[in-house]
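Shown next, in structure tokens, is the structure this report addresses.
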Amino acid sequence: MGSLRATLPAALAGLAVFVSAPPPAAGCPGCQNPNLPMVRTGGVHLGTGEVKLGLVASTMPLRVRHEAGCPVDVTDLSTCDAVPPQRRHIHDQFILPAELRATLDWGLLPWFGLEVAAPLRLVYTTIDYETPDGAPYTPLDEGIHHRDETLVGPGDPTVSARLTTTLFDAFWLVARVGTSLPIGETVPDPFRAGDRGERHQHVQFGTGTFDPVLGLELARGFGRWQGAVYGHLQAALYENAEGFRAGSKLLGGLQLGHRPAERWVVHGSAEWFHEEPETWGGQIRQDGILGRDELLLGVGTAVSFGGPQYSLLLRLPVYRRIALGETDEPGTLTAPISVNLGVQWSLLP
């Protein structure tokens, strides 16, 4: 009962944060190649010879609305620049990106280990069209840019070396150095096909390049409490064979955890997520990833009943800024929460 009373204030504070969701943010016209925000990788402690196997399921439902077609004050559609020229209408798109990530952490030496993560990605989308006054509409280019569809495929796995040491006999320092492997499917330049009025796809399951992965974490325990400061970078340094260069991603944050019981941890976090825009042939194009910044507040827990460890992490973007590029007709993007569910098995020598 004492543990429950000690944890209740933190739970109520977390609930107060999550009921104060931010309003929709100004967004790119399409946002059709969505990425989930990065998640803190691995953990602090990994014993020599220990093998940890895990599965993490992540999702972040989002909704995008934007206008298309000729301006409402144009009466002669042939005189406007829209392709194809048609009356003003609204694209109302629901996108559900999801990922199931398998992880392997292997402690080879007291100071050295290996970490591997292999994602399976899913992107589910639906699209509805309406006029500005809310009436259903069937566009001339229906199915060219958006479709009701479900796409599934492997993403790019990552392989990292893990280096661990202690500082002043009090702090744990964990560094990770590795790379992604270009396994996930990529697509040809969709904007060329779009300019020709041809059906095309924006969603990519990989980057088509080897992207360096760097991580640094500093943690310390205080009895039943533990604090950590961490950063994680995935840098896209060059274009793939199709002229696509993914946006580099950076996650930095701090976390404070409390252990009410021996096998139960609750924690809160504050993180900053930054994503650079994607480019095609060196140019930033609309309907792709234009870049974003988010301040994420999270609450989570991890518990074991004597076997695997189960975890839950909920993160709310209390601030979001999406780069709009050169568009003069931004849409709105709503993505109120990201959810991560995990299970991990520890195999000791």
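Scheme for the structure tokens: letters A, B, ... for chains in order shown; per-chain residue numbers from 1; ligand numbers from 1 in order shown.
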
Item to complete: Fewer than 4 positions away in the same chain doesn't count, so skip those; otherwise give me all residues within 9 Å of A:Pro110, counting only C-alpha atoms, as JSON, numbers by chain.
Response: {"A": [46, 47, 48, 49, 164, 165]}

Quick one: write out the picked residues with N, CA and C atoms as a compact mmCIF listing (two decimals), in the first residue's frame?
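What follows is the written file out20.txt:
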# COMPACT_ATOMS: atom_id res chain seq x y z
N LEU A 46 23.92 -4.33 -18.73
CA LEU A 46 23.99 -5.53 -19.56
C LEU A 46 25.19 -6.34 -19.08
N GLY A 47 24.91 -7.50 -18.48
CA GLY A 47 25.97 -8.30 -17.90
C GLY A 47 26.82 -9.02 -18.93
N THR A 48 28.01 -9.41 -18.54
CA THR A 48 28.89 -10.17 -19.42
C THR A 48 28.25 -11.53 -19.73
N GLY A 49 28.11 -11.83 -21.01
CA GLY A 49 27.48 -13.07 -21.43
C GLY A 49 25.97 -13.01 -21.47
N THR A 164 30.63 0.55 -22.50
CA THR A 164 30.14 0.91 -21.18
C THR A 164 31.30 1.15 -20.22
N THR A 165 31.17 2.17 -19.38
CA THR A 165 32.16 2.41 -18.33
C THR A 165 31.46 3.11 -17.17

Discussion item. Considering only C-alpha atoms, can you say which of A:Leu237, A:Thr334, A:Val299, A:Leu254 comes closest to A:Leu62?
Written reply: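 Closest candidate: A:Thr334.
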
Worksheet item: Can you list, as a PyMOL selection string, every protein, DNA or RNA residue that comes within 6 Å of A:Gly300 when you count only C-alpha atoms, leaving out same-chain residues fewer than 4 positions away?
Response: chain A and resi 266-267+312-313

Same residues, N, CA and C atoms, output as a compact mmCIF listing (two decimals), in the first residue's frame:
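Okay, this is what ended up in again38.txt:
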# COMPACT_ATOMS: atom_id res chain seq x y z
N VAL A 266 8.41 2.77 -12.56
CA VAL A 266 7.61 3.79 -13.25
C VAL A 266 8.54 4.96 -13.55
N HIS A 267 8.30 5.64 -14.65
CA HIS A 267 9.21 6.72 -15.02
C HIS A 267 8.49 7.79 -15.82
N LEU A 312 5.50 -0.30 -21.07
CA LEU A 312 4.55 0.58 -21.75
C LEU A 312 5.08 2.00 -21.66
N LEU A 313 5.09 2.70 -22.79
CA LEU A 313 5.51 4.09 -22.84
C LEU A 313 4.50 4.88 -23.66

What are the closest atom pairs, with distances in Å to one decimal, for all residues of stretch 79-190 of chain A lying within 12 Å of stretch 336-345 of chain A? Consider only C-alpha atoms, order rows by chain and residue number, and present the result as CSV.
residue,atom,partner,partner_atom,distance
A:Leu96,CA,A:Ser338,CA,10.7
A:Pro97,CA,A:Ser338,CA,10.2
A:Ala98,CA,A:Val339,CA,9.6
A:Glu99,CA,A:Asn340,CA,9.4
A:Leu100,CA,A:Gly342,CA,9.4
A:Arg101,CA,A:Gly342,CA,9.2
A:Ala102,CA,A:Gln344,CA,9.7
A:Thr103,CA,A:Gln344,CA,8.6
A:Leu104,CA,A:Gln344,CA,9.5
A:Asp105,CA,A:Gln344,CA,10.2
A:Trp106,CA,A:Trp345,CA,11.9

Could you dump the residues just selected with N, CA and C atoms as a PDB file, in the first residue's frame?
ATOM      1  N   LEU A  96      -1.891   5.650 -40.299  1.00  0.00           N
ATOM      2  CA  LEU A  96      -1.494   4.906 -39.098  1.00  0.00           C
ATOM      3  C   LEU A  96      -0.161   4.210 -39.383  1.00  0.00           C
ATOM      4  N   PRO A  97       0.963   4.860 -39.059  1.00  0.00           N
ATOM      5  CA  PRO A  97       2.242   4.167 -39.151  1.00  0.00           C
ATOM      6  C   PRO A  97       2.438   3.315 -37.896  1.00  0.00           C
ATOM      7  N   ALA A  98       2.945   2.117 -38.085  1.00  0.00           N
ATOM      8  CA  ALA A  98       3.190   1.216 -36.962  1.00  0.00           C
ATOM      9  C   ALA A  98       4.459   0.419 -37.242  1.00  0.00           C
ATOM     10  N   GLU A  99       5.051  -0.067 -36.175  1.00  0.00           N
ATOM     11  CA  GLU A  99       6.315  -0.795 -36.315  1.00  0.00           C
ATOM     12  C   GLU A  99       6.421  -1.861 -35.234  1.00  0.00           C
ATOM     13  N   LEU A 100       6.880  -3.031 -35.615  1.00  0.00           N
ATOM     14  CA  LEU A 100       7.224  -4.096 -34.674  1.00  0.00           C
ATOM     15  C   LEU A 100       8.725  -4.320 -34.801  1.00  0.00           C
ATOM     16  N   ARG A 101       9.448  -4.002 -33.715  1.00  0.00           N
ATOM     17  CA  ARG A 101      10.904  -4.030 -33.755  1.00  0.00           C
ATOM     18  C   ARG A 101      11.428  -5.171 -32.878  1.00  0.00           C
ATOM     19  N   ALA A 102      12.192  -6.066 -33.482  1.00  0.00           N
ATOM     20  CA  ALA A 102      12.863  -7.128 -32.739  1.00  0.00           C
ATOM     21  C   ALA A 102      14.258  -6.652 -32.354  1.00  0.00           C
ATOM     22  N   THR A 103      14.656  -6.873 -31.103  1.00  0.00           N
ATOM     23  CA  THR A 103      15.943  -6.378 -30.615  1.00  0.00           C
ATOM     24  C   THR A 103      16.769  -7.505 -30.004  1.00  0.00           C
ATOM     25  N   LEU A 104      18.077  -7.366 -30.122  1.00  0.00           N
ATOM     26  CA  LEU A 104      19.043  -8.281 -29.511  1.00  0.00           C
ATOM     27  C   LEU A 104      20.139  -7.454 -28.871  1.00  0.00           C
ATOM     28  N   ASP A 105      20.332  -7.620 -27.557  1.00  0.00           N
ATOM     29  CA  ASP A 105      21.433  -6.994 -26.822  1.00  0.00           C
ATOM     30  C   ASP A 105      22.299  -8.119 -26.260  1.00  0.00           C
ATOM     31  N   TRP A 106      23.589  -8.107 -26.563  1.00  0.00           N
ATOM     32  CA  TRP A 106      24.478  -9.209 -26.177  1.00  0.00           C
ATOM     33  C   TRP A 106      25.717  -8.641 -25.502  1.00  0.00           C
TER      34      TRP A 106
END

Worksheet item: At what distance in Å, to one decimal, does atom CA of A:Ala161 lie from atom CA of A:Gly113?
Response: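 Result for atom CA of A:Gly113 versus atom CA of A:Ala161: 6.0 Å, one decimal.
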
Practice prompt. Find the distance between atom CA of A:His89 and atom CA of A:Glu130 and write it in Å to one decimal.
Written response: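 Taking atom CA of A:His89 and atom CA of A:Glu130, their separation equals 5.6 Å.
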
Fill in: Point-to-point distance from atom CA of A:Gly215 to atom CA of A:Trp272, Å rounded to tenths
14.5 Å

Practice prompt. Give me the residues within 12 Å of A:Gly178 as a PyMOL selection string, counting only C-alpha atoms and dropping any in the same chain fewer than 4 places off.
Written response: chain A and resi 113-117+157-163+210-215+232-235

Those same residues, written as a CSV table (one decimal), in the first residue's frame with C-alpha atoms?
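And here's selection-v3.csv as it stands now:
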chain,number,residue,atom,x,y,z
A,113,GLY,CA,28.4,-5.5,-26.2
A,114,LEU,CA,26.5,-5.8,-29.5
A,115,GLU,CA,23.0,-4.4,-30.2
A,116,VAL,CA,20.8,-5.3,-33.2
A,117,ALA,CA,17.3,-4.0,-34.0
A,157,PRO,CA,17.8,-2.8,-39.3
A,158,THR,CA,20.6,-1.3,-37.2
A,159,VAL,CA,23.8,-2.8,-35.8
A,160,SER,CA,25.7,-1.0,-33.0
A,161,ALA,CA,28.6,-1.6,-30.8
A,162,ARG,CA,27.9,-0.9,-27.1
A,163,LEU,CA,30.7,0.6,-24.9
A,210,PHE,CA,24.0,3.3,-44.8
A,211,ASP,CA,23.2,5.8,-42.1
A,212,PRO,CA,25.6,6.1,-39.1
A,213,VAL,CA,23.9,5.7,-35.7
A,214,LEU,CA,25.4,7.3,-32.6
A,215,GLY,CA,24.1,7.2,-29.0
A,232,HIS,CA,20.5,9.4,-30.1
A,233,LEU,CA,21.4,10.4,-33.7
A,234,GLN,CA,20.8,8.7,-37.0
A,235,ALA,CA,22.5,10.7,-39.7

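Omitting A:Asp141 and its sequence neighbours fewer than 2 positions away, and counting only C-alpha atoms, the residues within 8 Å are Pro84, Pro139, Gly143, Ile144, His145 and Gly197 of chain A.
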
Could you dump the residues just selected with N, CA and C atoms as a compact mmCIF listing (two decimals), in the first residue's frame?
# COMPACT_ATOMS: atom_id res chain seq x y z
N PRO A 84 -4.56 18.36 -61.97
CA PRO A 84 -5.33 18.94 -63.07
C PRO A 84 -6.17 20.11 -62.56
N PRO A 139 -12.40 13.81 -56.86
CA PRO A 139 -11.44 14.61 -57.65
C PRO A 139 -11.10 13.94 -58.98
N GLY A 143 -6.90 8.71 -56.58
CA GLY A 143 -6.02 7.54 -56.61
C GLY A 143 -4.62 7.83 -57.09
N ILE A 144 -4.35 9.03 -57.59
CA ILE A 144 -3.02 9.38 -58.07
C ILE A 144 -2.07 9.64 -56.90
N HIS A 145 -2.51 10.50 -55.96
CA HIS A 145 -1.67 10.89 -54.82
C HIS A 145 -1.97 10.07 -53.57
N GLY A 197 1.19 13.28 -63.82
CA GLY A 197 -0.17 12.84 -63.56
C GLY A 197 -0.31 11.35 -63.42

Worksheet item: Pick the closest to A:Gly184 from A:Pro317, A:Gly257, A:Pro119, A:Gly221: which is it, counting only C-alpha atoms?
Response: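 Among the listed residues, A:Pro119 lies closest to A:Gly184.
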
List every residue of stretch 101-343 of chain A that DSSP, applied to the backbone of this structure, places in helix (DSSP H, G or I), and write the result as a PDB file with N, CA and C atoms, in the first residue's frame.
ATOM      1  N   PRO A 190       8.813   9.943 -56.576  1.00  0.00           N
ATOM      2  CA  PRO A 190       7.366  10.026 -56.812  1.00  0.00           C
ATOM      3  C   PRO A 190       6.938  11.356 -57.409  1.00  0.00           C
ATOM      4  N   PHE A 191       7.762  12.378 -57.277  1.00  0.00           N
ATOM      5  CA  PHE A 191       7.369  13.697 -57.762  1.00  0.00           C
ATOM      6  C   PHE A 191       7.446  13.775 -59.286  1.00  0.00           C
ATOM      7  N   ARG A 192       8.350  13.027 -59.891  1.00  0.00           N
ATOM      8  CA  ARG A 192       8.383  12.974 -61.350  1.00  0.00           C
ATOM      9  C   ARG A 192       7.100  12.348 -61.884  1.00  0.00           C
ATOM     10  N   ALA A 193       6.684  11.247 -61.261  1.00  0.00           N
ATOM     11  CA  ALA A 193       5.437  10.608 -61.694  1.00  0.00           C
ATOM     12  C   ALA A 193       4.251  11.525 -61.425  1.00  0.00           C
ATOM     13  N   GLY A 194       4.256  12.211 -60.269  1.00  0.00           N
ATOM     14  CA  GLY A 194       3.157  13.117 -59.960  1.00  0.00           C
ATOM     15  C   GLY A 194       3.061  14.267 -60.937  1.00  0.00           C
ATOM     16  N   ASP A 195       4.215  14.788 -61.364  1.00  0.00           N
ATOM     17  CA  ASP A 195       4.202  15.882 -62.343  1.00  0.00           C
ATOM     18  C   ASP A 195       3.623  15.432 -63.682  1.00  0.00           C
TER      19      ASP A 195
END

Fill in: Non-local contacts of A:Val303 (7 Å; only C-alpha atoms; under 6 positions in same chain excluded) as a ChimeraX atom specification
/A:263-265,309-311
